[in-house]
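Here's the structure, in structure tokens; my notes come after.
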Amino acid sequence: MTASEQFAGWAFVTPGVAIILLFWAVPIVWSAVMSFQSNNLLTPSTPFVGLKNYRQLVHDPIVGQAIQHTLIYTALFVPGTMIVGLFLAVAMNRQIRFITFYRTAAYATMAISTISEAIVFIWLFDPSYGVINYFLSLVGVPQQQFLNSPSQALYVIVIMTIWGWTGFSVVIYLAALQGVPAALLEAASIDGCTAWRRFRRVTLPLLSPASLFLAVWLTINALQLFDEVYLSTQGGPLNATTVLVYYLYQQAFVDFNFGYASAIAYFLFLVILVVTAIQFRVGRRFTHYRS
Amino acid sequence: MTGSNLIADVEAKPMPFPIRAVRSCFPALNTGEKFIFLDNAAGAQIPQVVNLTKVVQRPGVNWNDFWVGERDVATVNGKVIGIPALVDNLAVVYNKKLFAAAGLPVPSADWTWSQFQADAKKLTDPAIKQFGTAYVTPGSEDTVWHWEALLWEADGQILTADNKKAAFDSPAGLKSLTTLQKMAVTDKSMYLDPTDSAYANLFNSGKIGMLVTGPWDLSAFPNVHDGVQVMPAYPGAAAGHQTISGPDNWVVFNNGATRVSAAEKFLLWLTAPAQVKYWSLHTGDLPTRASVGNAAGFNQQMDSTLPGVSAFVANLANVKQSRPQIPTYPKISQVLGNMIVSVLLGKSQPQAALSSAAAQVNQILAAG
């Protein structure tokens, strides 16, 4: 490579690199620094407080609650989205009429903005006017409070987000299903496998790379849940839907505790790092890559 | 506001939009962002915020012409940090058709909370899913300030005069919280809205009889024939009919003496009576000056801009108190939000909720 080629190469990537540095690298480093400061971004004084923010995090009861809510949410959302996605993908992995339409419809949930999604679900689950309570009343279930109930609100958000992410997992699984060799399935049939055993012993193992990818990707997103909470319950009722990122937002942008909020952000970063590492390690054992 | 980067709009109450916070980062960076939204008391901590105490005392400004609720909020620790830009307040917007259908006379200016409660009960009809009133229950400041007006009307206070201790755990606190509890829990005449948005659509669909809300919502009700009345009072309470306001201020940032003086000059022009009147008549925003609001014929003109808004203009005289101007208020607000929601959802009794919230608020105040 000549020097002028080198120069041209750098010239082409510089705008991109500058943007990445400015909007990614700078905030990452800055928030790391802030997490050791008492900083409200308003006053010039930003005293270094060492590990105080991190110690506070350990003793903050709402952080404890937020971690609990985040874990419950993740534990339901990730398998939920994968199972629903897999089911729909298998159902749509065949040549029937209007299949393109069905596939597009399944993916449409990804194209719909979170705001529209939240508004629709707010009305579906409205205790008095919502259609869900209407259907429940038809089978004799009494009126549920849903987003007004501290014990139900989080589960409504789980359902809302599973719906929103299903399209994504459908597309991933559909692509993976196309890669399952017909010869293997046929051989299994000839050996006398039932349809279920074929799915369980041949298809599912061959989908495992896609499953691992989805598990990791959806978990990272689940741990960062914010939009749906902000739009539907604002962390309520009575903190029942306060997840880590929502609490971080509250600390930073309502209470102006940017130091403490940065500490929460770094704690979350560590959690995601550890969880992802575990997922890859455990997942490797169950993942089959065809050579 | 071209050519000047000195002026900002500082909010008196926490704004529900993240943009507020994103923008509020800028003064610290000194990037010259033109408008920012942030809490007053927090804003007052920014060293670049110019002290306008002497500016508003200049001849011709007539500082006392601004409503007392505005002046209170513009003043933090005795320093005037802003000039009122926008003002609002809470009143009762009611559906005339639903009142007539229930055989009820429309609310009068001397009505009481027990009348409000009785009306709400009569306006409620589970068969057609109609509610007497509504309350927003995300637990945010929007939940809190609605209750604070009731607390003041019951002769109560949020904090002690020195802002050192909680004062709402009082007979007035109990009375105000019990009023809400009766409607939400006992009568079930109150639609609880955790999303802070559904209530307006329901009112506009004729499903809610009365709303305690502000002038900004009036234009959202084109489908109902509505009337506006002041908030009810508690009989025997010295406070009478009161309300609460969340005024916004123009704030000047110090980016050099020349710019400061230009910005001050511009703001004094912008907030002079002639401009205030022009602005209000063209936007429907309430007038920030009493002389404008009280001028003969002004209310009729306002009503032709935005029907019903004149009652909110008159209601500005009932803004007699303001929320504590302290940096810890957002934290206190979160405690109060949970206190109110726990009572409205029937999860706790008013007295127990008040005591527990007061203990938490005292802790926040002690920590500073």
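Following the order of the structure tokens, chains are lettered A, B, ..., residues in each are numbered from 1, and ligands are numbered from 1.
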Hey, list the chain A side of the contact with chain B: 7 Å cut-off, only C-alpha atoms, answer as a ChimeraX atom specification. /A:41-43,128,147-148,232-234,236-238,253-255
Selection from above, C-alpha atoms, as a JSON list (two decimals), in the first residue's frame, can you write it?
[["chain", "number", "residue", "atom", "x", "y", "z"],
["A", 41, "LEU", "CA", -23.60, 18.70, 35.34],
["A", 42, "LEU", "CA", -24.83, 22.09, 36.51],
["A", 43, "THR", "CA", -22.30, 23.38, 38.98],
["A", 128, "SER", "CA", -62.09, -0.32, 32.20],
["A", 147, "LEU", "CA", -50.91, -1.48, 34.43],
["A", 148, "ASN", "CA", -52.60, -0.14, 37.58],
["A", 232, "SER", "CA", -46.56, 3.14, 29.71],
["A", 233, "THR", "CA", -45.96, 3.23, 33.47],
["A", 234, "GLN", "CA", -43.01, 5.55, 34.13],
["A", 236, "GLY", "CA", -44.87, 2.67, 38.50],
["A", 237, "PRO", "CA", -47.18, 1.78, 40.02],
["A", 238, "LEU", "CA", -45.18, 2.00, 43.25],
["A", 253, "PHE", "CA", -32.32, 13.33, 34.29],
["A", 254, "VAL", "CA", -34.83, 13.92, 37.08],
["A", 255, "ASP", "CA", -32.63, 14.10, 40.17]]
Give me, as a short mmCIF file (atom, residue, chain, number, x, y, z; two decimals) with C-alpha atoms, in the first residue's frame, all polymer residues having an atom no more than 7 Å from Leu248 in chain A, counting only C-alpha atoms and skipping those fewer than 6 positions away in the same chain.
data_model
loop_
_atom_site.label_atom_id
_atom_site.label_comp_id
_atom_site.auth_asym_id
_atom_site.auth_seq_id
_atom_site.Cartn_x
_atom_site.Cartn_y
_atom_site.Cartn_z
CA ALA A 261 -26.35 7.35 37.42
CA ILE A 264 -25.42 2.40 37.79
CA ALA A 265 -24.58 2.41 34.08
#
DSSP strand (DSSP E or B) selection over range 114-335 of chain B, as a PDB file with C-alpha atoms, in the first residue's frame:
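Saved the output as result-v6.pdb:
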ATOM      1  CA  ASP B 125     -72.119   4.655  35.734  1.00  0.00           C
ATOM      2  CA  GLN B 130     -68.562   6.389  32.669  1.00  0.00           C
ATOM      3  CA  PHE B 131     -66.481   7.909  35.462  1.00  0.00           C
ATOM      4  CA  GLY B 132     -67.097  11.023  37.578  1.00  0.00           C
ATOM      5  CA  THR B 133     -63.489  12.118  37.451  1.00  0.00           C
ATOM      6  CA  ALA B 134     -59.936  10.946  36.748  1.00  0.00           C
ATOM      7  CA  TYR B 135     -56.510  11.080  38.356  1.00  0.00           C
ATOM      8  CA  VAL B 136     -53.105  10.522  36.796  1.00  0.00           C
ATOM      9  CA  LEU B 159     -42.654  21.479  54.098  1.00  0.00           C
ATOM     10  CA  ALA B 166     -41.953  17.585  56.138  1.00  0.00           C
ATOM     11  CA  MET B 190     -62.274   8.051  39.729  1.00  0.00           C
ATOM     12  CA  TYR B 191     -60.605   6.654  36.612  1.00  0.00           C
ATOM     13  CA  LEU B 192     -56.962   6.004  37.476  1.00  0.00           C
ATOM     14  CA  ASP B 193     -54.624   6.664  34.589  1.00  0.00           C
ATOM     15  CA  ILE B 208     -65.452  11.334  32.242  1.00  0.00           C
ATOM     16  CA  GLY B 209     -67.533  14.008  33.957  1.00  0.00           C
ATOM     17  CA  MET B 210     -64.893  16.250  35.514  1.00  0.00           C
ATOM     18  CA  LEU B 211     -61.146  16.689  35.211  1.00  0.00           C
ATOM     19  CA  VAL B 212     -58.799  18.686  37.370  1.00  0.00           C
ATOM     20  CA  THR B 213     -56.453  19.945  34.701  1.00  0.00           C
ATOM     21  CA  ASP B 226     -67.169  21.770  28.425  1.00  0.00           C
ATOM     22  CA  GLY B 227     -67.225  24.340  31.196  1.00  0.00           C
ATOM     23  CA  VAL B 228     -64.481  25.447  33.570  1.00  0.00           C
ATOM     24  CA  GLN B 229     -64.830  26.136  37.284  1.00  0.00           C
ATOM     25  CA  ALA B 233     -62.784  24.471  48.607  1.00  0.00           C
ATOM     26  CA  THR B 243     -54.793  26.266  42.890  1.00  0.00           C
ATOM     27  CA  ASP B 248     -41.731  28.873  33.332  1.00  0.00           C
ATOM     28  CA  ASN B 249     -39.098  31.580  33.383  1.00  0.00           C
ATOM     29  CA  TRP B 250     -36.791  33.299  30.960  1.00  0.00           C
ATOM     30  CA  VAL B 251     -33.292  32.942  32.362  1.00  0.00           C
ATOM     31  CA  VAL B 252     -30.162  34.748  31.241  1.00  0.00           C
ATOM     32  CA  PHE B 253     -26.769  33.067  31.056  1.00  0.00           C
ATOM     33  CA  ARG B 289     -49.140  39.874  34.119  1.00  0.00           C
ATOM     34  CA  VAL B 319     -52.382  30.863  42.949  1.00  0.00           C
TER      35      VAL B 319
END
Write out as a count of residues only all residues of range 39-255 of chain A that backbone DSSP assigns to alpha helix (DSSP H). 142
Cut-off 9 Å: closest range 134-246 of chain A/range 268-272 of chain A atom pairs per residue, using only C-alpha atoms, as a Markdown table:
| residue | atom | partner | partner_atom | distance |
| --- | --- | --- | --- | --- |
| A:Thr219 | CA | A:Ile272 | CA | 8.2 |
| A:Ile220 | CA | A:Ile272 | CA | 6.3 |
| A:Leu223 | CA | A:Ile272 | CA | 7.3 |
| A:Gln224 | CA | A:Leu268 | CA | 8.3 |
| A:Leu244 | CA | A:Leu268 | CA | 7.6 |
| A:Val245 | CA | A:Leu268 | CA | 8.3 |
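What separates CA of Pro47 in chain A from CA of Phe256 in chain A is a distance of 15.0 Å.
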Residue contacts of range 198-212 of chain A (7 Å, only C-alpha atoms) excluding same-chain residues fewer than 2 positions away, as a VMD selection string: chain A and resid 172 to 173 176 to 177 180 185 188 193 to 196 214 to 216 283 287 to 289
